[in-house]
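Colleague: One structure coming up, written as C-alpha cells, with questions to follow.
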Amino acid sequence: MSSHPVHGLPFLPGNSYRDPTKSLYHRSQTLTYRNGYSRPVLPAVGIGRDPITVNQLSQAELDELANKRPTLTYGQAKQAPPSSFIPVYVAFDKKVLRFEGYFKEAVPISQEEVYRVRRVTVYYYLEDDTISVVEPPVENSGIPQGTLMKRQRHPKNDNGDHYHWKDLNVGINLTLYGRTLRLVSCDKFTQNFLESEGIELNPPDEIPPDPYTELRRDPDRTFTTPPDFDKLKQFLTMDRKVLRFFSLWDDSGSMFGETRPVIIHYYLMDDTVEVREVHERNDGRDPFPVLMKRQHLPKSVKDLRDTFPKCVLEMSNKEVTEWYSPRDFMVGSHITIMGRKFFLYDCDAYTRDFYRQNLGIPELTPVDVEKPREEEAKQELPPYNGYGLLEDSLQNCLTLVPKPPKKDVIKMLENDHNVLRFAAALDSMNPEHSGRRFILSYFLSDDTVSIFEPQIRNSGIIGGKFLEKSRIPKPGSSMDDPIYYGPADFTIGAVVEVFSHRFIITDADLYVLNYMKAHRHQFPCEVLRSLETHLQPQEGDGEPGRTDARETTDGHAGGSEPIN
C-alpha cells in the first residue's frame, strides 16, 4: 500500500493518505534478451508506476544531444553488425545427424558361434559436437542393450582432436574407444545437411546377417491338409479309458542306482503317457508319485540340429514323424522313455481286454520279475567277557543304547513269594568245613538262588548271607550259552556246584514236596520219588525227615521249627 505524507507534517500514522488510483505495485523488469544475448534495461518507473527521474535525461541534455553531431568529433561512424546474428547452440538446437551401422563382437567361449553382429545407431548432435551410440533392443537376445555409449565428445586421435561432422560419412569405419563401428546408411535429414555443406556421400552398404541368428531361425512354414481322423470323437469315446502297465526302471548302472517299480498310464483319450513311481513303506524317498507328467511321447524325430533342446521335448508335429501308440506297449518288452529304459512285465485286466478286442492280441502273458530273497546274514555275537550278567552284556550288542533285558512278567506274578528251600552241607576236603550247614533258597519267580548260613555258636565261623540272589550255571556249560540250575536239579543227595563250591542237598522243606505234587507234570518222577521217600513219615515215628531238616536249620536235635 502506497501513501504520501502531507507536506510539513511528520511521517506518522494518520498524517498520510492512500492514493486510490494506484493498483500496480510490482517492480519493473531490468533484464531482457535480444538475438540470444542478455541485455540490462534501466527501469523507467518504480513501485506503483511512479516515474523515476534519477536515471532519465533532462530536457536540456536531450536538446544538446539532438544538436550535436558526433561525426565532427570522432569522424565517420562505423556500421554496426547486423542484428540477425544467431549463436550456434541456438541455430543447431535439436538438430541431430543419424547414422545406421554395426560392429562385430568376438565370442571366444562358445562352440556354436565365432562372432555376432550387433546393430547400432550413431547420433551426432550439431549444437555441441557430441556423439552417442545406441543399440536397439532385440527380443530374447540375452544381451544387455540400449545406450552403448553416452552422449559425449569422442577423441579422434592422440593429439586431442575430437570428431566433427565433417569426419562422418556413409561406408566408413568409426573407432570409438577401441570399438570399430561400420556406418552403412543415414536418414534423409543427414543426407541433405551433408550435401548442403559440400560433402559427397558414399553409396550405402548392407548389414551382414548374424550366423547364429540365421542358425536359430525357424524354417519356412509348410501347410498340410488335416487328416480325416476326428479328435473330438476320440475324446468323447475314449474319455476316462486308460491302459495301465506295471514295469521296472533299471537304474542300477548309475551311481547309487537300483531297480525301481513304476506304473505307466496310457490315456486313450489324447494318446498321452504318464509314469508314476510306486512307493513302498520306509523306502526313504520323497512322497512325489509322478515321475513324468502326462504328455505326448515322440517315437521318431526328424534329423534336427545339434542345438535343438531335446531334453525338454520342445517338439511339434513338424519335428516328429511318429508318436507312441498302444502297439508300442507290449508286456514282456522294453520301452525307452526320455532316455530311461523300462521293462513292461504285467498289465491290468482292462488293458488285456483292450488288446484282445481292438488289436487282435489274444493274451498278454505276465513275466515273473520277483527276485529270490537274499538270506539274511546271521548276527554273530562276541564272546562273553565275564563282566556283569550275560543278559546285560547281550543288550550292548543288540542296540546302541542298551536297554534292560525283558523279564517274564507273567511268571513273576504267578510265582511271587514262591520259594523252594533246601538244606545243604558243604562238600570240602578241609575238616574245618565238615560241620557247616547252609540253606539254599530257589526263587521260582526269576529262577535265582540264594544261600544262607545259619550262625553256630563257638564254631569260629561268622554265619549270614553266603550268596546273593543270582542264577547259577551248571558245571561244564559254555560261558556264551550257559545252562542254569532248575527246580528239578535239587534232589536229596544231589551235588550242586556254586562258583567252585560244592554243596550236597541233605533235606528239603515240606512246601517243596507239596509244590512238586501240585505241579508233577513239570518235574521228573525220580525227583518227586526222592522227596517222597525222604519226607514221608515212618511207622512208629514222627517225621524223621523233619528231624534232619531241623538239625540243619538250628544245629540242635529235637527242634520243632521248619527251615528258615
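Going by the C-alpha cells order, chains are called A, B, ..., each with residues numbered from 1, while ligands are numbered from 1 in the order shown.
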Check stretch 258-449 of chain A with DSSP on the backbone and list each residue it calls strand (DSSP E or B), as an MDAnalysis selection string.
Modeller: chainID A and resid 259:267 272:277 290:295 298:301 320:323 334:337 340:347 419:427 437:443 448:449
Colleague: Residues near A:Val262, anyone? I mean within 7 Å using only C-alpha atoms, not counting same-chain ones fewer than 3 positions away, as a short mmCIF file (atom, residue, chain, number, x, y, z; two decimals) with N, CA, C and O atoms, in the first residue's frame.
Modeller:
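New file around-v1.cif:
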```
data_model
loop_
_atom_site.label_atom_id
_atom_site.label_comp_id
_atom_site.auth_asym_id
_atom_site.auth_seq_id
_atom_site.Cartn_x
_atom_site.Cartn_y
_atom_site.Cartn_z
N PHE A 246 2.48 -102.35 -15.60
CA PHE A 246 3.40 -102.45 -14.47
C PHE A 246 4.79 -102.73 -15.05
O PHE A 246 4.97 -103.68 -15.83
N SER A 247 5.75 -101.91 -14.68
CA SER A 247 7.08 -102.02 -15.28
C SER A 247 8.14 -101.78 -14.22
O SER A 247 7.85 -101.39 -13.08
N LEU A 248 9.39 -102.02 -14.64
CA LEU A 248 10.55 -101.83 -13.79
C LEU A 248 11.50 -100.89 -14.50
O LEU A 248 11.78 -101.03 -15.70
N TRP A 249 11.99 -99.92 -13.75
CA TRP A 249 13.02 -99.00 -14.25
C TRP A 249 14.36 -99.43 -13.68
O TRP A 249 14.60 -99.29 -12.48
N VAL A 275 4.04 -91.52 -16.23
CA VAL A 275 4.82 -92.50 -15.48
C VAL A 275 4.74 -92.12 -14.01
O VAL A 275 5.09 -91.00 -13.63
N ARG A 276 4.28 -93.08 -13.20
CA ARG A 276 4.13 -92.85 -11.77
C ARG A 276 4.99 -93.86 -11.03
O ARG A 276 5.08 -95.04 -11.39
N GLU A 277 5.62 -93.38 -9.97
CA GLU A 277 6.53 -94.22 -9.18
C GLU A 277 5.75 -94.90 -8.06
O GLU A 277 4.88 -94.28 -7.43
N VAL A 278 6.08 -96.15 -7.81
CA VAL A 278 5.44 -96.92 -6.74
C VAL A 278 6.29 -96.78 -5.48
O VAL A 278 7.46 -97.18 -5.47
#
```
Colleague: Kindly indicate which residue among A:Glu380, A:Asp489, A:Glu206, A:Thr130 lies nearest to A:Gln152, using only C-alpha atoms for the distances.
Modeller: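 Closest residue, counting only C-alpha atoms: A:Thr130.
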Colleague: For A:Phe422, find every residue with an atom within 7 Å (counting only C-alpha atoms), except residues of its own chain fewer than 3 positions away, and show them as a ChimeraX atom specification.
Modeller: /A:439-441,505,507-509
Colleague: Near stretch 313-329 of chain A, counting only C-alpha atoms, which residues have an atom at most 6 Å away, once you skip same-chain residues fewer than 6 positions from it, shown as a VMD selection string?
Modeller: chain A and resid 297 to 302
Colleague: Could you jot down the atom CA of A:Tyr515 to atom CA of A:Glu453 separation for me, Å, one decimal place?
Modeller: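 Atom-to-atom, atom CA of A:Tyr515 to atom CA of A:Glu453, that is 24.1 Å.
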Colleague: Neighbouring residues of A:Asp129 were defined as those with any atom within 9 Å, considering only C-alpha atoms; residues of the same chain fewer than 2 positions away were excluded. Please report them as a PyMOL selection string.
Modeller: chain A and resi 124-127+131+152-153+162-165
Colleague: In Å, how far is it from atom CA of A:Cys186 to atom CA of A:Arg118?
Modeller: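 Computing the Euclidean distance for atom CA of A:Cys186 and atom CA of A:Arg118 yields 17.0 Å.
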Colleague: So that each row is one residue of stretch 171-249 of chain A with an atom at most 9 Å from stretch 104-112 of chain A, can you give its shortest atom pair and the distance in Å to one decimal, using only C-alpha atoms, rows by chain and rising number, as a Markdown table?
Modeller:
```
| residue | atom | partner | partner_atom | distance |
| --- | --- | --- | --- | --- |
| A:Thr180 | CA | A:Lys104 | CA | 8.3 |
| A:Leu181 | CA | A:Lys104 | CA | 8.3 |
| A:Tyr212 | CA | A:Glu112 | CA | 7.4 |
```
Colleague: Can you pull out every residue within 8 Å of A:Val419, counting only C-alpha atoms, but drop anything in the same chain fewer than 4 positions away, and send it as an mmCIF file with N, CA, C and O atoms, in the first residue's frame?
Modeller:
```
data_model
loop_
_atom_site.group_PDB
_atom_site.id
_atom_site.type_symbol
_atom_site.label_atom_id
_atom_site.label_comp_id
_atom_site.auth_asym_id
_atom_site.auth_seq_id
_atom_site.Cartn_x
_atom_site.Cartn_y
_atom_site.Cartn_z
ATOM 1 N N SER A 441 17.863 -121.377 48.885
ATOM 2 C CA SER A 441 16.507 -120.902 48.555
ATOM 3 C C SER A 441 16.428 -120.693 47.046
ATOM 4 O O SER A 441 17.210 -119.906 46.466
ATOM 5 N N TYR A 442 15.487 -121.394 46.429
ATOM 6 C CA TYR A 442 15.283 -121.272 44.972
ATOM 7 C C TYR A 442 14.006 -120.465 44.735
ATOM 8 O O TYR A 442 12.918 -120.881 45.124
ATOM 9 N N PHE A 443 14.155 -119.289 44.098
ATOM 10 C CA PHE A 443 13.037 -118.378 43.860
ATOM 11 C C PHE A 443 12.444 -118.714 42.493
ATOM 12 O O PHE A 443 13.105 -118.581 41.451
ATOM 13 N N LEU A 444 11.180 -119.153 42.517
ATOM 14 C CA LEU A 444 10.524 -119.579 41.286
ATOM 15 C C LEU A 444 10.152 -118.401 40.382
ATOM 16 O O LEU A 444 9.884 -118.587 39.188
#
```
